[in-house]
>>> print(open('input-v4.cif').read())   # mmCIF, C-alpha atoms, pLDDT in the B column; chains and numbers go by the auth columns
data_input
#
loop_
_atom_site.group_PDB
_atom_site.id
_atom_site.type_symbol
_atom_site.label_atom_id
_atom_site.label_comp_id
_atom_site.label_asym_id
_atom_site.label_seq_id
_atom_site.Cartn_x
_atom_site.Cartn_y
_atom_site.Cartn_z
_atom_site.B_iso_or_equiv
_atom_site.auth_seq_id
_atom_site.auth_asym_id
ATOM 1 C CA MET A 1 23.492 2.606 -1.594 94.00 1136 A
ATOM 2 C CA THR A 2 22.609 0.961 1.711 98.00 1137 A
ATOM 3 C CA ILE A 3 21.121 -2.520 1.604 98.00 1138 A
ATOM 4 C CA VAL A 4 19.112 -3.888 4.533 98.00 1139 A
ATOM 5 C CA GLY A 5 18.156 -7.561 4.895 98.00 1140 A
ATOM 6 C CA VAL A 6 14.529 -8.191 5.856 98.00 1141 A
ATOM 7 C CA LEU A 7 12.777 -11.347 6.987 98.00 1142 A
ATOM 8 C CA SER A 8 9.759 -12.380 9.000 98.00 1143 A
ATOM 9 C CA ASP A 9 7.825 -15.370 10.183 97.00 1144 A
ATOM 10 C CA THR A 10 10.783 -17.747 10.347 97.00 1145 A
ATOM 11 C CA HIS A 11 8.915 -19.996 12.820 96.00 1146 A
ATOM 12 C CA ILE A 12 11.993 -21.983 13.811 95.00 1147 A
ATOM 13 C CA PRO A 13 11.842 -24.818 14.869 95.00 1148 A
ATOM 14 C CA ASP A 14 8.056 -25.281 14.756 91.00 1149 A
ATOM 15 C CA ARG A 15 7.784 -25.002 10.925 92.00 1150 A
ATOM 16 C CA VAL A 16 11.373 -25.637 9.758 95.00 1151 A
ATOM 17 C CA PRO A 17 14.493 -26.616 11.739 96.00 1152 A
ATOM 18 C CA ASP A 18 16.840 -23.833 10.549 97.00 1153 A
ATOM 19 C CA LEU A 19 17.144 -20.714 8.423 97.00 1154 A
ATOM 20 C CA HIS A 20 17.491 -21.594 4.766 97.00 1155 A
ATOM 21 C CA PRO A 21 21.148 -21.172 3.656 97.00 1156 A
ATOM 22 C CA LYS A 22 20.054 -18.941 0.743 98.00 1157 A
ATOM 23 C CA ILE A 23 18.972 -16.254 3.233 98.00 1158 A
ATOM 24 C CA LEU A 24 22.372 -16.048 4.884 98.00 1159 A
ATOM 25 C CA GLN A 25 24.226 -16.302 1.550 98.00 1160 A
ATOM 26 C CA THR A 26 22.126 -13.521 -0.013 98.00 1161 A
ATOM 27 C CA PHE A 27 22.607 -11.210 2.978 98.00 1162 A
ATOM 28 C CA ARG A 28 26.377 -11.776 2.878 98.00 1163 A
ATOM 29 C CA GLU A 29 26.673 -11.305 -0.886 98.00 1164 A
ATOM 30 C CA ALA A 30 24.499 -8.167 -0.800 98.00 1165 A
ATOM 31 C CA GLY A 31 26.666 -6.691 1.968 98.00 1166 A
ATOM 32 C CA VAL A 32 23.694 -5.826 4.164 98.00 1167 A
ATOM 33 C CA THR A 33 24.498 -3.219 6.807 98.00 1168 A
ATOM 34 C CA SER A 34 21.667 -4.336 9.086 98.00 1169 A
ATOM 35 C CA ILE A 35 18.935 -6.941 9.262 98.00 1170 A
ATOM 36 C CA LEU A 36 15.288 -6.391 10.197 98.00 1171 A
ATOM 37 C CA HIS A 37 13.231 -9.308 11.531 98.00 1172 A
ATOM 38 C CA ALA A 38 9.504 -8.507 11.615 98.00 1173 A
ATOM 39 C CA GLY A 39 8.552 -11.102 14.222 97.00 1174 A
ATOM 40 C CA ASP A 40 7.653 -14.726 14.779 95.00 1175 A
ATOM 41 C CA VAL A 41 11.320 -15.513 15.217 97.00 1176 A
ATOM 42 C CA SER A 42 10.384 -18.208 17.767 95.00 1177 A
ATOM 43 C CA VAL A 43 13.857 -18.933 19.256 97.00 1178 A
ATOM 44 C CA PRO A 44 16.868 -16.720 20.108 97.00 1179 A
ATOM 45 C CA ARG A 45 19.372 -18.736 18.053 97.00 1180 A
ATOM 46 C CA VAL A 46 17.849 -17.302 14.860 98.00 1181 A
ATOM 47 C CA LEU A 47 18.777 -13.767 15.919 98.00 1182 A
ATOM 48 C CA GLU A 48 22.222 -14.937 17.058 98.00 1183 A
ATOM 49 C CA GLU A 49 22.852 -16.514 13.647 98.00 1184 A
ATOM 50 C CA LEU A 50 21.758 -13.363 11.817 98.00 1185 A
ATOM 51 C CA GLU A 51 23.946 -11.193 14.086 98.00 1186 A
ATOM 52 C CA GLN A 52 26.975 -12.996 12.650 98.00 1187 A
ATOM 53 C CA ILE A 53 26.247 -11.138 9.404 98.00 1188 A
ATOM 54 C CA ALA A 54 25.055 -7.682 10.542 98.00 1189 A
ATOM 55 C CA PRO A 55 23.346 -5.919 13.470 98.00 1190 A
ATOM 56 C CA VAL A 56 19.773 -7.159 13.912 98.00 1191 A
ATOM 57 C CA HIS A 57 16.633 -5.229 14.875 98.00 1192 A
ATOM 58 C CA ALA A 58 13.675 -7.466 15.694 98.00 1193 A
ATOM 59 C CA VAL A 59 10.119 -7.107 16.954 98.00 1194 A
ATOM 60 C CA ARG A 60 7.984 -9.555 18.879 96.00 1195 A
ATOM 61 C CA GLY A 61 5.483 -11.609 16.940 94.00 1196 A
ATOM 62 C CA ASN A 62 2.536 -13.563 18.271 90.00 1197 A
ATOM 63 C CA ARG A 63 4.733 -16.704 18.393 88.00 1198 A
ATOM 64 C CA ASP A 64 7.540 -15.000 20.357 93.00 1199 A
ATOM 65 C CA ILE A 65 5.789 -15.029 23.732 86.00 1200 A
ATOM 66 C CA PHE A 66 7.890 -17.808 25.258 88.00 1201 A
ATOM 67 C CA TYR A 67 11.565 -17.233 24.446 92.00 1202 A
ATOM 68 C CA LEU A 68 11.609 -13.693 23.084 95.00 1203 A
ATOM 69 C CA ARG A 69 9.211 -11.735 25.303 92.00 1204 A
ATOM 70 C CA ARG A 70 11.900 -9.076 25.691 96.00 1205 A
ATOM 71 C CA LEU A 71 11.586 -8.010 22.060 97.00 1206 A
ATOM 72 C CA PRO A 72 9.697 -4.742 21.554 97.00 1207 A
ATOM 73 C CA MET A 73 6.329 -4.678 19.797 95.00 1208 A
ATOM 74 C CA LEU A 74 7.409 -1.698 17.658 97.00 1209 A
ATOM 75 C CA VAL A 75 10.739 -0.419 16.387 98.00 1210 A
ATOM 76 C CA ARG A 76 11.437 2.969 14.848 98.00 1211 A
ATOM 77 C CA LEU A 77 14.761 3.410 13.050 97.00 1212 A
ATOM 78 C CA ASP A 78 16.513 5.944 10.904 97.00 1213 A
ATOM 79 C CA ILE A 79 18.867 4.389 8.370 96.00 1214 A
ATOM 80 C CA ASP A 80 20.691 6.826 6.114 93.00 1215 A
ATOM 81 C CA GLY A 81 17.961 9.433 6.544 94.00 1216 A
ATOM 82 C CA VAL A 82 15.123 6.988 5.839 97.00 1217 A
ATOM 83 C CA SER A 83 12.564 6.663 8.634 97.00 1218 A
ATOM 84 C CA ILE A 84 11.567 3.006 9.117 98.00 1219 A
ATOM 85 C CA GLY A 85 8.792 1.679 11.322 98.00 1220 A
ATOM 86 C CA MET A 86 8.576 -2.037 12.022 98.00 1221 A
ATOM 87 C CA ALA A 87 5.957 -4.187 13.736 97.00 1222 A
ATOM 88 C CA HIS A 88 4.856 -7.767 13.374 95.00 1223 A
ATOM 89 C CA GLY A 89 1.353 -6.375 13.126 83.00 1224 A
ATOM 90 C CA HIS A 90 -0.718 -8.694 15.264 75.00 1225 A
ATOM 91 C CA GLY A 91 -1.236 -6.031 17.943 73.00 1226 A
ATOM 92 C CA THR A 92 -2.290 -6.848 21.477 70.00 1227 A
ATOM 93 C CA PHE A 93 -3.358 -10.340 22.512 72.00 1228 A
ATOM 94 C CA ASN A 94 -7.030 -9.282 22.464 75.00 1229 A
ATOM 95 C CA ARG A 95 -6.656 -7.685 18.998 74.00 1230 A
ATOM 96 C CA TYR A 96 -4.915 -10.836 17.745 71.00 1231 A
ATOM 97 C CA MET A 97 -7.727 -13.081 19.027 68.00 1232 A
ATOM 98 C CA ILE A 98 -10.444 -10.848 17.513 70.00 1233 A
ATOM 99 C CA ASP A 99 -8.613 -10.861 14.160 71.00 1234 A
ATOM 100 C CA LYS A 100 -8.213 -14.640 14.336 66.00 1235 A
ATOM 101 C CA LEU A 101 -11.947 -15.063 14.919 75.00 1236 A
ATOM 102 C CA HIS A 102 -12.764 -12.614 12.116 70.00 1237 A
ATOM 103 C CA ARG A 103 -10.455 -14.507 9.735 66.00 1238 A
ATOM 104 C CA ALA A 104 -12.108 -17.833 10.612 69.00 1239 A
ATOM 105 C CA ILE A 105 -15.565 -16.400 9.863 74.00 1240 A
ATOM 106 C CA ARG A 106 -14.939 -13.973 6.997 71.00 1241 A
ATOM 107 C CA GLY A 107 -11.455 -14.704 5.657 65.00 1242 A
ATOM 108 C CA ARG A 108 -8.311 -12.570 5.568 64.00 1243 A
ATOM 109 C CA TYR A 109 -8.566 -8.967 6.719 66.00 1244 A
ATOM 110 C CA VAL A 110 -5.846 -7.344 4.633 73.00 1245 A
ATOM 111 C CA ARG A 111 -7.458 -3.894 4.145 77.00 1246 A
ATOM 112 C CA LYS A 112 -8.128 -3.430 7.843 78.00 1247 A
ATOM 113 C CA TYR A 113 -4.659 -4.683 8.644 81.00 1248 A
ATOM 114 C CA ILE A 114 -3.011 -2.213 6.226 89.00 1249 A
ATOM 115 C CA ARG A 115 -5.002 0.712 7.694 88.00 1250 A
ATOM 116 C CA ARG A 116 -3.870 -0.312 11.182 88.00 1251 A
ATOM 117 C CA ILE A 117 -0.183 -0.577 10.249 92.00 1252 A
ATOM 118 C CA LEU A 118 -0.307 2.809 8.450 95.00 1253 A
ATOM 119 C CA ALA A 119 -1.836 4.445 11.548 93.00 1254 A
ATOM 120 C CA THR A 120 0.897 2.935 13.733 95.00 1255 A
ATOM 121 C CA PHE A 121 3.684 4.695 11.813 97.00 1256 A
ATOM 122 C CA PRO A 122 2.285 7.942 10.350 96.00 1257 A
ATOM 123 C CA GLU A 123 5.763 9.519 10.125 95.00 1258 A
ATOM 124 C CA ALA A 124 7.638 6.594 8.524 97.00 1259 A
ATOM 125 C CA ASP A 125 9.004 6.508 4.981 97.00 1260 A
ATOM 126 C CA VAL A 126 9.059 2.687 5.083 98.00 1261 A
ATOM 127 C CA ILE A 127 6.873 0.328 7.107 98.00 1262 A
ATOM 128 C CA VAL A 128 8.140 -3.227 7.533 98.00 1263 A
ATOM 129 C CA PHE A 129 5.688 -5.798 8.846 96.00 1264 A
ATOM 130 C CA GLY A 130 5.007 -9.528 8.956 95.00 1265 A
ATOM 131 C CA HIS A 131 2.224 -11.734 10.289 91.00 1266 A
ATOM 132 C CA LEU A 132 0.296 -12.215 7.032 88.00 1267 A
ATOM 133 C CA HIS A 133 2.934 -14.540 5.474 91.00 1268 A
ATOM 134 C CA VAL A 134 2.215 -12.783 2.164 91.00 1269 A
ATOM 135 C CA PRO A 135 5.133 -10.974 0.489 95.00 1270 A
ATOM 136 C CA CYS A 136 4.386 -7.474 -0.765 95.00 1271 A
ATOM 137 C CA SER A 137 6.156 -4.260 -1.642 97.00 1272 A
ATOM 138 C CA PHE A 138 3.934 -1.321 -2.572 96.00 1273 A
ATOM 139 C CA ARG A 139 3.403 2.374 -1.912 97.00 1274 A
ATOM 140 C CA ILE A 140 0.460 3.892 -0.115 95.00 1275 A
ATOM 141 C CA GLU A 141 0.172 7.479 1.087 90.00 1276 A
ATOM 142 C CA GLY A 142 3.787 8.065 0.021 93.00 1277 A
ATOM 143 C CA LYS A 143 5.114 5.211 2.169 97.00 1278 A
ATOM 144 C CA LEU A 144 6.719 1.956 1.112 98.00 1279 A
ATOM 145 C CA LEU A 145 4.911 -0.934 2.813 98.00 1280 A
ATOM 146 C CA PHE A 146 7.129 -3.987 2.811 98.00 1281 A
ATOM 147 C CA ASN A 147 6.293 -7.467 4.017 97.00 1282 A
ATOM 148 C CA PRO A 148 9.032 -10.001 3.187 98.00 1283 A
ATOM 149 C CA GLY A 149 6.571 -12.898 3.520 96.00 1284 A
ATOM 150 C CA SER A 150 7.503 -16.028 5.436 97.00 1285 A
ATOM 151 C CA THR A 151 10.793 -17.888 5.152 97.00 1286 A
ATOM 152 C CA SER A 152 9.126 -21.111 6.261 94.00 1287 A
ATOM 153 C CA TYR A 153 5.347 -21.143 5.832 91.00 1288 A
ATOM 154 C CA PRO A 154 4.087 -18.967 2.945 90.00 1289 A
ATOM 155 C CA TYR A 155 0.485 -18.062 2.230 84.00 1290 A
ATOM 156 C CA PRO A 156 -1.068 -19.210 -0.053 79.00 1291 A
ATOM 157 C CA ARG A 157 0.557 -22.586 0.571 84.00 1292 A
ATOM 158 C CA ASN A 158 1.539 -23.101 -3.080 87.00 1293 A
ATOM 159 C CA TYR A 159 3.763 -19.978 -3.003 92.00 1294 A
ATOM 160 C CA PRO A 160 7.488 -20.332 -2.297 96.00 1295 A
ATOM 161 C CA PRO A 161 9.000 -19.081 0.972 97.00 1296 A
ATOM 162 C CA THR A 162 10.377 -15.539 0.690 98.00 1297 A
ATOM 163 C CA PHE A 163 12.533 -12.868 2.343 98.00 1298 A
ATOM 164 C CA GLY A 164 13.714 -9.488 1.144 98.00 1299 A
ATOM 165 C CA LEU A 165 16.124 -6.624 0.746 98.00 1300 A
ATOM 166 C CA LEU A 166 15.517 -2.907 1.167 98.00 1301 A
ATOM 167 C CA HIS A 167 17.554 -0.659 -1.117 98.00 1302 A
ATOM 168 C CA LEU A 168 18.099 2.792 0.381 97.00 1303 A
ATOM 169 C CA GLU A 169 19.827 5.451 -1.664 93.00 1304 A
ATOM 170 C CA PRO A 170 19.934 9.144 -0.775 86.00 1305 A
ATOM 171 C CA GLY A 171 17.748 11.250 -3.040 88.00 1306 A
ATOM 172 C CA THR A 172 15.624 8.333 -4.276 93.00 1307 A
ATOM 173 C CA GLN A 173 12.597 6.481 -2.966 96.00 1308 A
ATOM 174 C CA PRO A 174 13.363 3.332 -0.957 98.00 1309 A
ATOM 175 C CA GLN A 175 12.853 0.126 -2.947 98.00 1310 A
ATOM 176 C CA GLY A 176 11.832 -3.287 -1.657 98.00 1311 A
ATOM 177 C CA GLU A 177 12.965 -6.516 -3.284 98.00 1312 A
ATOM 178 C CA ILE A 178 11.238 -9.848 -2.595 98.00 1313 A
ATOM 179 C CA ILE A 179 13.462 -12.921 -2.991 98.00 1314 A
ATOM 180 C CA GLU A 180 12.001 -16.401 -3.408 97.00 1315 A
ATOM 181 C CA ILE A 181 13.551 -19.473 -1.834 96.00 1316 A
ATOM 182 C CA ARG A 182 13.413 -22.266 -4.406 87.00 1317 A
#
>>> encode(input="input-v4.cif", output="structure tokens")
Amino acid sequence: MTIVGVLSDTHIPDRVPDLHPKILQTFREAGVTSILHAGDVSVPRVLEELEQIAPVHAVRGNRDIFYLRRLPMLVRLDIDGVSIGMAHGHGTFNRYMIDKLHRAIRGRYVRKYIRRILATFPEADVIVFGHLHVPCSFRIEGKLLFNPGSTSYPYPRNYPPTFGLLHLEPGTQPQGEIIEIR
């Protein structure tokens, strides 16, 4: 079995000063072969710290415009025969601003957001995304949609911070595991 570490919305140092030690410890103990960061990294040192454990694939989030502009908006990977698509999910600047306005007026836009992320990766077996700060692992249209939540600023605010692991085993469906930071 291949185990992949997954995190998003670390927001370092604007929300917390550093990665929580439980994240690094869990990734080491699980023997992750790679790490996926679904955006809002904020500063390069986060990726450098994660790279000490395993190779890192990261996408640009809406908060990565200053120090991590070089990160791609989308990543497509194949890990042990499993097709993975990853995006933060905020889209273009204009799309992000429209969504922000919509959220202020009408609340969260989860259904529309899920339709958009599914359309972005029609061929993927697994879609990893961030932005919502809400952990989830569910199947839709035969795909595993996996959001590890936020390691620093969960939504709703009374939820604990979270991150995750993807379990990939040939001949079985990929499984997502959400891990709470207590």
>>> atom_distance(input="input-v4.cif", atom1="atom CA of Leu1301 of chain A", atom2="atom CA of Asp1199 of chain A")
24.0 Å
>>> resolve_selection(input="input-v4.cif", expression="the PyMOL selection byres ((chain A and resi 1189) around 12)", output="NGL selection string")
:A and (1138-1141 or 1159 or 1162-1163 or 1165-1172 or 1182-1188 or 1190-1192)
>>> resolve_selection(input="input-v4.cif", expression="the PyMOL selection byres ((chain A and resi 1249-1263) around 10)", output="PyMOL selection string")
chain A and resi 1141-1143+1171-1173+1209-1213+1216-1226+1244-1248+1264-1265+1272+1274-1283+1301+1308-1311
>>> closest_residue(input="input-v4.cif", among="A:Glu1312, A:Thr1137, A:Arg1230, A:Thr1307", to="Asp1215 of chain A", atoms="all atoms listed in the file")
A:Thr1137
>>> axis_aligned_box(input="input-v4.cif", around="segment 1208-1214 of chain A", padding_each_side="6 Å", output="lines of an AutoDock Vina configuration file")
center_x = 12.6
center_y = 0.6
center_z = 14.1
size_x = 24.5
size_y = 22.6
size_z = 23.4
>>> residues_around(input="input-v4.cif", residues="Val1269 of chain A", least_positions_apart="2", cutoff="6 Å", atoms="all atoms listed in the file", output="list in words")
Leu1267, Gly1284 and Tyr1290 of chain A
>>> build_atoms(input="input-v4.cif", residues="segment 1175-1188 of chain A", atoms="N, CA, C and O atoms", output="PDB file, keeping the file's coordinate frame")
ATOM      1  N   ASP A1175       7.805 -13.275  14.835  1.00 95.00           N
ATOM      2  CA  ASP A1175       7.653 -14.726  14.779  1.00 95.00           C
ATOM      3  C   ASP A1175       8.993 -15.379  14.470  1.00 95.00           C
ATOM      4  O   ASP A1175       9.126 -16.237  13.602  1.00 95.00           O
ATOM      5  N   VAL A1176       9.970 -14.948  15.253  1.00 97.00           N
ATOM      6  CA  VAL A1176      11.320 -15.513  15.217  1.00 97.00           C
ATOM      7  C   VAL A1176      11.252 -16.918  15.811  1.00 97.00           C
ATOM      8  O   VAL A1176      11.771 -17.872  15.257  1.00 97.00           O
ATOM      9  N   SER A1177      10.640 -17.008  16.966  1.00 95.00           N
ATOM     10  CA  SER A1177      10.384 -18.208  17.767  1.00 95.00           C
ATOM     11  C   SER A1177      11.501 -18.554  18.751  1.00 95.00           C
ATOM     12  O   SER A1177      11.214 -18.825  19.905  1.00 95.00           O
ATOM     13  N   VAL A1178      12.770 -18.596  18.323  1.00 97.00           N
ATOM     14  CA  VAL A1178      13.857 -18.933  19.256  1.00 97.00           C
ATOM     15  C   VAL A1178      15.041 -17.977  19.081  1.00 97.00           C
ATOM     16  O   VAL A1178      15.320 -17.518  17.971  1.00 97.00           O
ATOM     17  N   PRO A1179      15.761 -17.681  20.170  1.00 97.00           N
ATOM     18  CA  PRO A1179      16.868 -16.720  20.108  1.00 97.00           C
ATOM     19  C   PRO A1179      17.995 -17.085  19.150  1.00 97.00           C
ATOM     20  O   PRO A1179      18.638 -16.200  18.596  1.00 97.00           O
ATOM     21  N   ARG A1180      18.232 -18.356  18.912  1.00 97.00           N
ATOM     22  CA  ARG A1180      19.372 -18.736  18.053  1.00 97.00           C
ATOM     23  C   ARG A1180      19.254 -18.180  16.641  1.00 97.00           C
ATOM     24  O   ARG A1180      20.256 -17.973  15.960  1.00 97.00           O
ATOM     25  N   VAL A1181      18.043 -17.894  16.187  1.00 98.00           N
ATOM     26  CA  VAL A1181      17.849 -17.302  14.860  1.00 98.00           C
ATOM     27  C   VAL A1181      18.485 -15.912  14.828  1.00 98.00           C
ATOM     28  O   VAL A1181      19.230 -15.573  13.909  1.00 98.00           O
ATOM     29  N   LEU A1182      18.204 -15.116  15.850  1.00 98.00           N
ATOM     30  CA  LEU A1182      18.777 -13.767  15.919  1.00 98.00           C
ATOM     31  C   LEU A1182      20.290 -13.829  16.075  1.00 98.00           C
ATOM     32  O   LEU A1182      21.015 -13.038  15.479  1.00 98.00           O
ATOM     33  N   GLU A1183      20.774 -14.780  16.867  1.00 98.00           N
ATOM     34  CA  GLU A1183      22.222 -14.937  17.058  1.00 98.00           C
ATOM     35  C   GLU A1183      22.902 -15.286  15.733  1.00 98.00           C
ATOM     36  O   GLU A1183      23.983 -14.773  15.425  1.00 98.00           O
ATOM     37  N   GLU A1184      22.283 -16.142  14.942  1.00 98.00           N
ATOM     38  CA  GLU A1184      22.852 -16.514  13.647  1.00 98.00           C
ATOM     39  C   GLU A1184      22.881 -15.316  12.693  1.00 98.00           C
ATOM     40  O   GLU A1184      23.880 -15.081  12.008  1.00 98.00           O
ATOM     41  N   LEU A1185      21.809 -14.540  12.678  1.00 98.00           N
ATOM     42  CA  LEU A1185      21.758 -13.363  11.817  1.00 98.00           C
ATOM     43  C   LEU A1185      22.771 -12.304  12.256  1.00 98.00           C
ATOM     44  O   LEU A1185      23.352 -11.606  11.416  1.00 98.00           O
ATOM     45  N   GLU A1186      22.989 -12.179  13.567  1.00 98.00           N
ATOM     46  CA  GLU A1186      23.946 -11.193  14.086  1.00 98.00           C
ATOM     47  C   GLU A1186      25.384 -11.481  13.661  1.00 98.00           C
ATOM     48  O   GLU A1186      26.234 -10.604  13.746  1.00 98.00           O
ATOM     49  N   GLN A1187      25.648 -12.682  13.180  1.00 98.00           N
ATOM     50  CA  GLN A1187      26.975 -12.996  12.650  1.00 98.00           C
ATOM     51  C   GLN A1187      27.222 -12.284  11.318  1.00 98.00           C
ATOM     52  O   GLN A1187      28.358 -12.160  10.881  1.00 98.00           O
ATOM     53  N   ILE A1188      26.147 -11.818  10.702  1.00 98.00           N
ATOM     54  CA  ILE A1188      26.247 -11.138   9.404  1.00 98.00           C
ATOM     55  C   ILE A1188      26.208  -9.629   9.572  1.00 98.00           C
ATOM     56  O   ILE A1188      27.024  -8.903   8.993  1.00 98.00           O
TER      57      ILE A1188
END
